[in-house]
Structure formats: structure tokens, C-alpha cells
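**Student:** Have a peek at entry_21.txt (compact mmCIF, C-alpha atoms).
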# COMPACT_ATOMS: atom_id res chain seq x y z
CA MET J 865 -1.53 32.28 1.50
CA HIS J 866 -2.95 31.92 4.99
CA GLN J 867 -5.32 29.25 3.71
CA LEU J 868 -2.52 27.31 2.01
CA ILE J 869 -0.52 27.20 5.25
CA ASP J 870 -3.67 26.11 7.10
CA LEU J 871 -4.10 23.27 4.58
CA PHE J 872 -0.47 22.21 4.96
CA LEU J 873 -0.64 22.17 8.78
CA THR J 874 -4.01 20.42 8.94
CA PHE J 875 -2.88 17.61 6.66
CA ALA J 876 0.46 17.35 8.45
CA ARG J 877 -1.61 16.70 11.59
CA VAL J 878 -3.65 14.04 9.78
CA GLY J 879 -0.37 12.48 8.57
CA VAL J 880 1.05 12.31 12.10
CA LEU J 881 -2.14 10.81 13.54
CA THR J 882 -2.55 8.09 10.91
CA PHE J 883 -1.03 4.77 11.90
CA GLY J 884 -1.31 1.80 9.57
CA GLY J 885 -1.97 3.53 6.26
CA GLY J 886 -4.88 4.73 4.16
CA TYR J 887 -7.62 2.60 5.67
CA ALA J 888 -6.90 3.96 9.17
CA MET J 889 -7.00 7.54 7.93
CA LEU J 890 -10.72 7.98 7.31
CA PRO J 891 -11.96 8.70 10.88
CA ILE J 892 -9.10 11.13 11.57
CA LEU J 893 -9.56 12.90 8.26
CA THR J 894 -13.30 13.28 8.85
CA ARG J 895 -12.71 14.79 12.29
CA GLU J 896 -10.22 17.37 10.99
CA VAL J 897 -11.76 18.28 7.63
CA VAL J 898 -15.50 17.96 8.35
CA ASP J 899 -15.91 18.69 12.09
CA ASN J 900 -13.05 21.12 12.76
CA LYS J 901 -12.53 22.98 9.49
CA HIS J 902 -15.85 22.53 7.66
CA TRP J 903 -13.99 22.24 4.36
CA ALA J 904 -16.21 19.40 3.12
CA THR J 905 -19.21 17.31 4.14
CA GLU J 906 -18.95 13.71 5.29
CA GLU J 907 -20.42 12.59 1.94
CA ASP J 908 -17.76 14.59 0.07
CA VAL J 909 -15.05 12.82 2.03
CA MET J 910 -16.54 9.40 1.27
CA ASP J 911 -16.62 10.27 -2.46
CA TYR J 912 -13.01 11.49 -2.43
CA TYR J 913 -12.03 8.35 -0.61
CA ALA J 914 -13.81 6.08 -3.09
CA VAL J 915 -12.16 7.77 -6.07
CA GLY J 916 -8.80 7.79 -4.22
CA GLN J 917 -9.19 4.07 -3.67
CA CYS J 918 -9.60 3.22 -7.33
CA THR J 919 -7.22 5.73 -8.92
CA PRO J 920 -3.46 5.22 -9.04
CA GLY J 921 -1.36 6.30 -6.09
CA VAL J 922 -1.54 6.35 -2.33
CA ILE J 923 -5.11 6.77 -1.04
CA ALA J 924 -4.20 9.29 1.66
CA VAL J 925 -2.33 11.42 -0.88
CA ASN J 926 -5.21 11.29 -3.37
CA THR J 927 -7.69 12.33 -0.69
CA ALA J 928 -5.48 15.20 0.47
CA THR J 929 -5.17 16.47 -3.10
CA PHE J 930 -8.96 16.34 -3.51
CA VAL J 931 -9.77 18.28 -0.33
CA GLY J 932 -7.01 20.82 -0.96
CA TYR J 933 -8.26 21.38 -4.51
CA LYS J 934 -11.81 21.95 -3.30
CA VAL J 935 -10.68 24.51 -0.70
CA ALA J 936 -8.12 26.47 -2.72
CA GLY J 937 -7.71 25.15 -6.27
CA PRO J 938 -4.59 23.41 -7.67
CA ALA J 939 -2.22 25.20 -5.25
CA GLY J 940 -4.42 24.00 -2.38
CA GLY J 941 -4.17 20.43 -3.66
CA ILE J 942 -0.39 20.64 -3.77
CA PHE J 943 -0.03 22.22 -0.30
CA ALA J 944 -2.40 19.71 1.34
CA THR J 945 -0.50 16.80 -0.23
CA LEU J 946 2.92 18.12 0.82
CA GLY J 947 1.52 18.57 4.34
CA GLU J 948 0.27 14.99 4.37
CA VAL J 949 3.68 13.50 3.45
CA PHE J 950 5.88 15.93 5.45
CA PRO J 951 5.74 14.09 8.81
CA SER J 952 6.41 10.74 7.09
CA ILE J 953 9.54 12.04 5.41
CA CYS J 954 10.92 13.38 8.72
CA ILE J 955 10.02 10.35 10.84
CA ILE J 956 11.08 7.68 8.36
CA SER J 957 14.39 9.39 7.55
CA VAL J 958 15.26 9.35 11.26
CA ILE J 959 14.17 5.71 11.65
CA ALA J 960 15.98 4.61 8.49
CA ALA J 961 19.20 6.21 9.69
CA PHE J 962 18.76 4.64 13.13
CA ILE J 963 17.92 1.17 11.82
CA SER J 964 20.73 0.90 9.26
CA GLY J 965 23.24 1.28 12.10
CA PHE J 966 21.60 -1.43 14.16
CA ALA J 967 20.51 -3.87 11.47
CA GLU J 968 23.38 -6.30 12.17
CA LYS J 969 22.83 -6.55 15.93
CA PRO J 970 21.40 -9.93 17.04
CA VAL J 971 18.62 -8.35 19.10
CA VAL J 972 17.46 -6.29 16.10
CA ARG J 973 17.60 -9.32 13.78
CA ASN J 974 15.54 -11.39 16.22
CA ALA J 975 13.09 -8.53 16.72
CA PHE J 976 12.51 -8.12 12.98
CA ALA J 977 12.18 -11.88 12.48
CA GLY J 978 9.31 -11.72 14.99
CA ILE J 979 7.82 -8.59 13.42
CA ARG J 980 7.88 -10.18 9.95
CA VAL J 981 5.58 -12.92 11.24
CA CYS J 982 3.16 -10.20 12.29
CA VAL J 983 3.47 -8.55 8.87
CA CYS J 984 2.44 -11.86 7.22
CA VAL J 985 -0.70 -11.94 9.31
CA LEU J 986 -1.45 -8.24 8.69
CA ILE J 987 -1.16 -8.74 4.92
CA LEU J 988 -3.33 -11.87 5.11
CA GLN J 989 -6.03 -9.94 6.93
CA ALA J 990 -5.84 -7.01 4.51
CA VAL J 991 -6.11 -9.42 1.58
CA LEU J 992 -9.11 -11.24 3.07
CA LYS J 993 -10.87 -7.90 3.56
CA LEU J 994 -10.00 -6.63 0.06
CA ILE J 995 -11.03 -9.86 -1.70
CA LYS J 996 -14.59 -9.41 -0.43
CA LYS J 997 -14.77 -6.00 -2.12
CA ALA J 998 -12.90 -6.87 -5.33
CA VAL J 999 -13.95 -10.44 -6.19
CA VAL J 1000 -17.70 -10.01 -6.68
CA ASP J 1001 -18.53 -12.52 -9.46
CA ILE J 1002 -16.99 -15.20 -11.69
CA PRO J 1003 -15.10 -12.86 -14.10
CA THR J 1004 -13.44 -10.99 -11.21
CA ALA J 1005 -12.56 -14.34 -9.57
CA VAL J 1006 -10.93 -15.45 -12.83
CA ILE J 1007 -8.98 -12.18 -13.07
CA TYR J 1008 -7.84 -12.65 -9.46
CA ILE J 1009 -6.61 -16.22 -10.00
CA VAL J 1010 -4.95 -15.52 -13.37
CA ILE J 1011 -3.07 -12.44 -12.12
CA LEU J 1012 -2.07 -14.24 -8.91
CA LEU J 1013 -0.62 -17.20 -10.86
CA LEU J 1014 1.13 -14.91 -13.37
CA SER J 1015 2.71 -12.86 -10.56
CA LEU J 1016 3.89 -15.99 -8.75
CA LEU J 1017 5.25 -17.78 -11.82
CA PHE J 1018 6.64 -15.00 -14.01
CA ASP J 1019 8.83 -11.98 -13.48
CA LEU J 1020 6.86 -9.37 -15.43
CA SER J 1021 6.31 -5.73 -14.43
CA PRO J 1022 3.18 -5.19 -12.29
CA ALA J 1023 2.30 -2.28 -14.61
CA LEU J 1024 1.55 -4.81 -17.35
CA TYR J 1025 -0.95 -6.59 -15.12
CA VAL J 1026 -2.63 -3.29 -14.23
CA LEU J 1027 -3.02 -2.36 -17.91
CA ALA J 1028 -4.23 -5.85 -18.91
CA ALA J 1029 -6.74 -6.07 -16.03
CA GLY J 1030 -8.08 -2.59 -16.77
CA ALA J 1031 -8.57 -3.50 -20.45
CA ALA J 1032 -10.21 -6.83 -19.50
CA GLY J 1033 -12.54 -5.00 -17.10
CA ILE J 1034 -13.63 -2.55 -19.80
CA ALA J 1035 -14.17 -5.37 -22.33
CA LEU J 1036 -16.19 -7.46 -19.84
CA THR J 1037 -18.34 -4.50 -18.82
CA LEU J 1038 -19.07 -3.57 -22.44
CA VAL J 1039 -20.01 -7.18 -23.30
CA GLN J 1040 -22.24 -7.43 -20.23
CA SER J 1041 -24.06 -4.17 -20.97
CA ARG J 1042 -24.54 -5.16 -24.62
CA ARG J 1043 -25.98 -8.50 -23.52
CA ALA J 1044 -28.31 -6.66 -21.13
CA VAL J 1045 -29.53 -4.47 -23.99
CA LYS J 1046 -30.10 -7.52 -26.23
CA GLY J 1047 -31.91 -9.39 -23.44
CA GLY J 1048 -34.15 -6.38 -22.97
CA SER J 1049 -35.05 -6.07 -26.69
CA ALA J 1050 -35.76 -9.84 -27.01
CA LYS J 1051 -38.62 -9.43 -24.55
CA MET H 1335 22.16 10.05 -12.10
CA ILE H 1336 20.73 8.22 -9.12
CA PHE H 1337 18.17 10.90 -8.16
CA LEU H 1338 16.60 10.95 -11.60
CA ARG H 1339 16.30 7.14 -11.57
CA LEU H 1340 14.81 7.20 -8.06
CA PHE H 1341 12.27 9.81 -9.13
CA TYR H 1342 11.45 7.86 -12.30
CA GLU H 1343 11.05 4.47 -10.56
CA PHE H 1344 8.79 5.90 -7.83
CA PHE H 1345 6.87 8.02 -10.34
CA LYS H 1346 6.08 4.76 -12.15
CA THR H 1347 5.02 3.15 -8.87
CA GLY H 1348 2.75 6.10 -8.05
CA LEU H 1349 1.28 5.98 -11.53
CA PHE H 1350 0.45 2.27 -11.61
CA ALA H 1351 -0.18 1.29 -7.97
CA VAL H 1352 -3.98 1.32 -7.79
CA GLY H 1353 -5.63 0.74 -4.42
CA GLY H 1354 -3.29 2.49 -2.03
CA GLY H 1355 -1.03 1.35 0.76
CA LEU H 1356 0.04 -2.22 0.13
CA ALA H 1357 -0.62 -1.80 -3.61
CA THR H 1358 2.88 -0.31 -3.80
CA LEU H 1359 4.31 -3.58 -2.46
CA PRO H 1360 4.47 -5.57 -5.73
CA PHE H 1361 6.19 -2.62 -7.43
CA LEU H 1362 8.74 -2.27 -4.65
CA SER H 1363 9.37 -6.02 -4.71
CA ASP H 1364 9.99 -5.74 -8.45
CA MET H 1365 12.25 -2.72 -7.85
CA ALA H 1366 14.30 -4.62 -5.25
CA GLN H 1367 14.97 -7.36 -7.79
CA LYS H 1368 15.79 -5.08 -10.72
CA THR H 1369 17.84 -2.34 -9.06
CA GLY H 1370 19.32 -3.93 -5.94
CA TRP H 1371 18.65 -0.67 -4.05
CA PHE H 1372 17.31 -2.75 -1.15
CA THR H 1373 16.79 -6.49 -0.50
CA GLN H 1374 13.52 -8.43 -0.17
CA ALA H 1375 14.27 -8.83 3.56
CA GLU H 1376 14.74 -5.07 3.95
CA LEU H 1377 11.45 -4.60 2.12
CA ALA H 1378 9.67 -6.83 4.64
CA ASP H 1379 11.26 -4.80 7.45
CA MET H 1380 10.09 -1.63 5.70
CA ILE H 1381 6.50 -2.84 5.85
CA ALA H 1382 6.87 -3.40 9.58
CA VAL H 1383 8.42 0.03 10.08
CA SER H 1384 5.70 1.65 7.94
CA GLU H 1385 2.92 -0.15 9.82
CA SER H 1386 4.25 0.99 13.17
CA THR H 1387 4.91 4.64 12.30
CA PRO H 1388 2.44 7.37 11.37
CA GLY H 1389 1.65 8.29 7.81
CA PRO H 1390 0.49 6.57 4.61
CA ILE H 1391 2.30 3.26 4.08
CA GLY H 1392 3.14 3.91 0.44
CA VAL H 1393 4.78 7.24 1.32
CA ASN H 1394 6.69 5.68 4.21
CA MET H 1395 7.95 2.89 1.98
CA ALA H 1396 9.09 5.39 -0.67
CA THR H 1397 10.94 7.51 1.92
CA PHE H 1398 12.53 4.42 3.44
CA ALA H 1399 13.58 2.92 0.09
CA GLY H 1400 14.89 6.27 -1.16
CA PHE H 1401 16.84 6.77 2.05
CA LYS H 1402 18.37 3.28 1.82
CA CYS H 1403 19.50 4.12 -1.67
CA ALA H 1404 20.72 7.72 -1.41
CA GLY H 1405 20.27 9.18 2.08
CA VAL H 1406 17.94 12.02 3.08
CA PRO H 1407 17.75 13.62 -0.40
CA GLY H 1408 17.00 10.16 -1.80
CA GLY H 1409 14.06 9.79 0.59
CA ILE H 1410 12.65 13.18 -0.40
CA ILE H 1411 13.11 12.61 -4.15
CA ALA H 1412 11.53 9.12 -3.99
CA THR H 1413 8.52 10.47 -2.06
CA LEU H 1414 8.02 13.38 -4.46
CA GLY H 1415 8.25 10.91 -7.37
CA LEU H 1416 5.58 8.74 -5.77
CA ILE H 1417 3.08 11.56 -5.18
CA THR H 1418 3.57 13.54 -8.41
CA PRO H 1419 1.32 11.32 -10.59
CA SER H 1420 -1.36 11.33 -7.87
CA ILE H 1421 -1.39 15.11 -7.69
CA ILE H 1422 -1.63 15.48 -11.47
CA ILE H 1423 -4.31 12.78 -11.90
CA ILE H 1424 -6.46 13.86 -8.95
CA LEU H 1425 -6.34 17.53 -9.96
CA LEU H 1426 -7.62 16.50 -13.40
CA ILE H 1427 -10.27 14.18 -11.92
CA ALA H 1428 -11.44 16.75 -9.37
CA LYS H 1429 -12.44 18.95 -12.31
CA PHE H 1430 -14.55 16.23 -13.92
CA LEU H 1431 -15.67 14.23 -10.85
CA ALA H 1432 -19.33 13.97 -11.74
CA SER H 1433 -18.92 12.64 -15.29
CA PHE H 1434 -15.92 10.53 -14.22
CA SER H 1435 -17.77 8.13 -11.94
CA GLU H 1436 -20.60 7.58 -14.47
CA SER H 1437 -18.47 6.55 -17.46
CA ILE H 1438 -18.87 2.88 -18.41
CA TYR H 1439 -15.20 2.75 -19.43
CA VAL H 1440 -14.03 3.99 -16.05
CA LYS H 1441 -16.41 1.69 -14.18
CA GLY H 1442 -15.28 -1.23 -16.35
CA ALA H 1443 -11.61 -0.50 -15.84
CA PHE H 1444 -12.01 -0.47 -12.04
CA TYR H 1445 -14.11 -3.62 -12.17
CA GLY H 1446 -11.09 -5.40 -13.67
CA LEU H 1447 -8.44 -3.51 -11.72
CA ARG H 1448 -9.66 -4.28 -8.20
CA PRO H 1449 -9.24 -8.09 -8.33
CA ALA H 1450 -5.89 -7.68 -10.13
CA SER H 1451 -4.66 -5.33 -7.43
CA VAL H 1452 -5.66 -7.78 -4.66
CA ALA H 1453 -4.02 -10.65 -6.59
CA MET H 1454 -0.72 -8.77 -6.76
CA ILE H 1455 -0.88 -7.97 -3.04
CA THR H 1456 -1.51 -11.68 -2.36
CA ALA H 1457 1.52 -12.65 -4.44
CA ALA H 1458 3.67 -10.12 -2.59
CA GLY H 1459 2.35 -11.58 0.67
CA PHE H 1460 3.66 -15.02 -0.36
CA LEU H 1461 7.16 -13.52 -0.60
CA VAL H 1462 6.96 -12.33 2.99
CA VAL H 1463 5.54 -15.71 4.09
CA ARG H 1464 8.47 -17.52 2.48
CA LEU H 1465 10.87 -15.23 4.30
CA ALA H 1466 9.18 -15.32 7.70
CA LEU H 1467 7.58 -18.76 8.03
CA LEU H 1468 9.52 -21.08 5.71
CA ASP H 1469 13.13 -22.21 5.69
CA THR H 1470 13.78 -23.42 2.13
CA ALA H 1471 17.53 -23.78 2.72
CA ALA H 1472 17.10 -26.14 5.69
CA CYS H 1473 14.49 -28.13 3.75
CA ALA H 1474 16.77 -28.58 0.74
CA ALA H 1475 19.73 -29.56 2.97
CA SER H 1476 17.82 -32.16 5.02
CA HIS H 1477 15.41 -33.44 2.32
CA SER H 1478 12.73 -33.36 5.02
CA ILE H 1479 9.47 -31.53 4.53
CA LEU H 1480 9.27 -31.01 8.30
CA GLN H 1481 12.35 -28.78 8.08
CA LEU H 1482 10.53 -26.52 5.63
CA PHE H 1483 8.45 -24.82 8.32
CA ARG H 1484 9.72 -22.53 11.03
CA TRP H 1485 7.46 -23.97 13.71
CA LYS H 1486 7.91 -21.25 16.37
CA GLU H 1487 7.07 -18.57 13.82
CA LEU H 1488 4.12 -20.54 12.46
CA LEU H 1489 2.68 -20.90 15.96
CA LEU H 1490 3.11 -17.15 16.54
CA ALA H 1491 1.33 -16.43 13.23
CA VAL H 1492 -1.65 -18.59 14.22
CA VAL H 1493 -1.87 -16.94 17.65
CA LEU H 1494 -1.65 -13.47 16.07
CA TYR H 1495 -4.32 -14.29 13.49
CA PHE H 1496 -6.89 -15.30 16.10
CA ALA H 1497 -5.89 -12.51 18.49
CA MET H 1498 -6.47 -9.95 15.72
CA ARG H 1499 -9.84 -11.45 14.84
CA LYS H 1500 -10.93 -11.35 18.49
CA SER H 1501 -9.83 -7.81 19.32
CA LYS H 1502 -9.85 -4.44 17.62
CA LEU H 1503 -6.55 -3.33 19.17
CA HIS H 1504 -4.19 -1.18 17.15
CA PRO H 1505 -1.84 -3.14 14.82
CA ILE H 1506 1.16 -1.49 16.47
CA LEU H 1507 0.40 -3.48 19.67
CA PHE H 1508 0.57 -6.77 17.76
CA ILE H 1509 3.77 -5.64 16.07
CA ALA H 1510 5.26 -4.78 19.47
CA ALA H 1511 4.20 -8.18 20.88
CA SER H 1512 5.75 -9.99 17.89
CA MET H 1513 8.94 -8.04 18.35
CA VAL H 1514 9.16 -9.18 21.98
CA ALA H 1515 8.40 -12.78 20.94
CA GLY H 1516 11.09 -12.59 18.24
CA ILE H 1517 13.70 -11.47 20.78
CA LEU H 1518 12.64 -13.95 23.50
CA PHE H 1519 12.58 -16.97 21.17
CA HIS H 1520 15.61 -15.93 19.03
CA MET H 1521 13.59 -16.04 15.82
CA GLY H 1522 16.41 -14.45 13.85
CA GLY H 1523 18.53 -17.51 14.64
CA VAL H 1524 21.13 -15.50 16.56
Once you've parsed the file, please lay out its structure as C-alpha cells.
**Tutor:**
Amino acid sequence: MHQLIDLFLTFARVGVLTFGGGYAMLPILTREVVDNKHWATEEDVMDYYAVGQCTPGVIAVNTATFVGYKVAGPAGGIFATLGEVFPSICIISVIAAFISGFAEKPVVRNAFAGIRVCVCVLILQAVLKLIKKAVVDIPTAVIYIVILLLSLLFDLSPALYVLAAGAAGIALTLVQSRRAVKGGSAK
Amino acid sequence: MIFLRLFYEFFKTGLFAVGGGLATLPFLSDMAQKTGWFTQAELADMIAVSESTPGPIGVNMATFAGFKCAGVPGGIIATLGLITPSIIIILLIAKFLASFSESIYVKGAFYGLRPASVAMITAAGFLVVRLALLDTAACAASHSILQLFRWKELLLAVVLYFAMRKSKLHPILFIAASMVAGILFHMGGV
């Protein structure tokens, strides 16, 4: 029980210290989990992070579940994850309550109009960074362009795109590996 | 039953949003259109609030959207909905981590998923651009392409882009600076 509470509190601290989402979390997580608590090695954390990045859900939550599971099994995974999201729930509830009362004030409207400009630029920068990792050859470039056009032109559920892209990825990889095998036997 | 629907909608988002953080954005944009729980403009504000407060962005957005829809319990239910699929999937994966990363099916799926995820984030970004930098109503009224752009905002965006490339300052500082610029130059039009 002591260990579960320790997991909850440690990840609550990581949650409080992380500004700007999953990508900002890695250095803070490493300091708490590797240096302070010795729950995992730096390599472990990188692996968790990589899997968290390409499995569904929020990266920070996935990573918390991983570390918690390693330390104390399924219950550990659940306690670490609840710890991670606890500060967010408190802080955002307060802010949401505060903002809904002020949303109609001119100063708030002007402020958010300015902030939205910044959000555009932040998204642009995130996209530029992600494209480098995701679009690595011609097939991935085609997937990127097709899904982008479909999302802009049609009003379908994003879940459909995820399923279709996953299936396309599997098909492409299988074809490529088969071709590699054939190329090898021809020699 | 609003809480069940909240849980279900965010469970779906948690299940299908691959890539973390902003990957939840296309799903929330879709949700705004289908349910009317919050508007596209509120969603853009949510991103700003999430970027400038601690915690994972996806979780913050779920809490914020849930709160907008049904108060404090709504925020909690939406967040739990979002993280439940993660917990289940990761607990399963943690058991089979070694074989998981070697499977050609899993590798192939992620090979296709990554560009799709970035494409959906790009499309969601266009929505915010239209809201923040373009004025389609003024353009349609005046029949002038020059009226399409919000020039003050566009200039701010260019300045921000190069400032961010030059410095490694925390995003919250740029958000704070944009907020001040928005107030000083009446970017909300009031």
C-alpha cells in the first residue's frame, strides 16, 4: 500500500511539473523515476516512451501506466496513472470555472484572440517536428497527403482514418518484406 | 444520460488517438461538431489553456471539455474515459513488451499510423488558422481577397515563428506575450 501511495504522489509531482504536454515530460520523468526513485533505468524509460508514443492514448498516461506496472503490477499501473492526471483535473476544473465567467469580457476575448495566434504557431512547429519522424519515404508521404486531404474535405470520423492507415501500413510492410525476400532469392 | 455519453466519447478518443497530446485534437474537433458540447472557438482556447497549465494536454483537454459540458463531475468522468483504454492496453502490452516491438504486423501498423496521425493534426491546425488568422466573413462581404487576412495577427504569427526558432524559451512565455499583444492591439475586435 505504501508503494502505491508513493507511485501516486511521484506521478502527481511529474504531472504538476509538466508544462506543454507529453514531449516536455521526458526530462522530468527521468529525474523522478530514474535518479530519485530508481524504479527504472534510462533505457527502460526511453522504451516505455517509444511504445507510449505509438500506442493509443495520451503519452504521459501510457508511460505512467508502464512504470507503475513495472514497480507494483496492475494496481501500480492504475495508481501511477491516477496520480499523473490528478493535478490536471484539479487545476483545469478551477480554470474552466474561472474562464466561463469571464469569457464574454472584451479583455478576455482580445487576450484569447492573441493566444490563438500563438497556438497556430505552436501547432505548426509540432507538425514540422512530427513530419520528420513520420514521413520517411514515398508511401508514408502518400498516406500523409491522402489523409490530410480526406480530413479537410470530408466529415468522417478520425477513427476510420486510424484504422485505414494502420491496415495500409501492415499491407505495405508485408509487400516490402516479401519483395526483399524475392530479391534475395533471385541473387 | 450525459455522463455515460461523456465517458463513451472520451473512451473512444483515448482508444483511437495515437501519438499523444495534439493527437486528441481531431477527435475533439469532431466531437464539437457532432455533440455541440463546446464550440470550435472554445476548443482553440482549450489548447491555449492546456499549453499554459501543467499536465498532459490530452488529459487537460478532456477535463476542460467535460467541465464545459457537465461541471466538475463531467471533467472527472471525461478524464477517466480518456485514460481507461490506455490503462487496459498498456497493462496488456507491458506483459508482452519484448515480442510486441518485434512483430511485423505491429511495426507495419505504426509505419502507416504515424503519417496519418500527423496529417490529422495538420488538418486540425488549419481549423485554428482559419479562426485566428483569416476573416472569411469580411472577405465574403467585401469580395476582396485582402480582407481575408487578419494582418495584425498574421504579423504576430510570423514574429512568433521566428522567435520560437531562435530561442528555446518555454512556450508559456510566448503564450503570455501573445496574450498581451492580443489585448494591446484589440485582436478580438472589441
**Student:** Please list as a PyMOL selection string every residue within 7 Å of J:Gly916, counting only C-alpha atoms and excluding residues in the same chain fewer than 3 positions away.
**Tutor:** chain J and resi 912-913+919+923+926-927
**Student:** Write out as a ChimeraX atom specification each polymer residue whose atoms come within 10 Å of J:Phe976, counting only C-alpha atoms; drop sequence neighbours fewer than 2 positions from it.
**Tutor:** /J:967,970-974,978-983 /H:1375-1376,1378-1379,1382-1383,1466,1509,1512-1514,1516-1517,1521-1522
**Student:** What is the atom CA of H:Leu1482-atom CA of H:Ala1366 distance in Å, reported with one decimal?
**Tutor:**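 Between atom CA of H:Leu1482 and atom CA of H:Ala1366 the gap works out to 24.7 Å.
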**Student:** Calculated over only C-alpha atoms, which of the candidates H:Leu1490, H:Trp1485, H:Gly1523, H:Gly1446 has the smallest distance to chain J?
**Tutor:**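 Of H:Leu1490, H:Trp1485, H:Gly1523, H:Gly1446, the one nearest chain J is H:Gly1446, counting only C-alpha atoms.
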**Student:** How far is it from atom CA of H:Phe1344 to atom CA of H:Ala1428, in Å with one decimal?
**Tutor:**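 It comes out at 23.0 Å.
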**Student:** Go through H:Arg1484, H:Arg1448, H:Lys1502, H:Lys1346 and flag the residue nearest chain J, using only C-alpha atoms for the distances.
**Tutor:** H:Arg1448
**Student:** Contacts of stretch 1413-1415 of chain H at 12 Å or less, counting all atoms listed in the file, minus same-chain residues fewer than 5 places along, as a PyMOL selection string?
**Tutor:** (chain J and resi 921-922+925+942+945-946+948-954+956-957) or (chain H and resi 1337-1349+1390-1401+1406-1408+1420-1422)
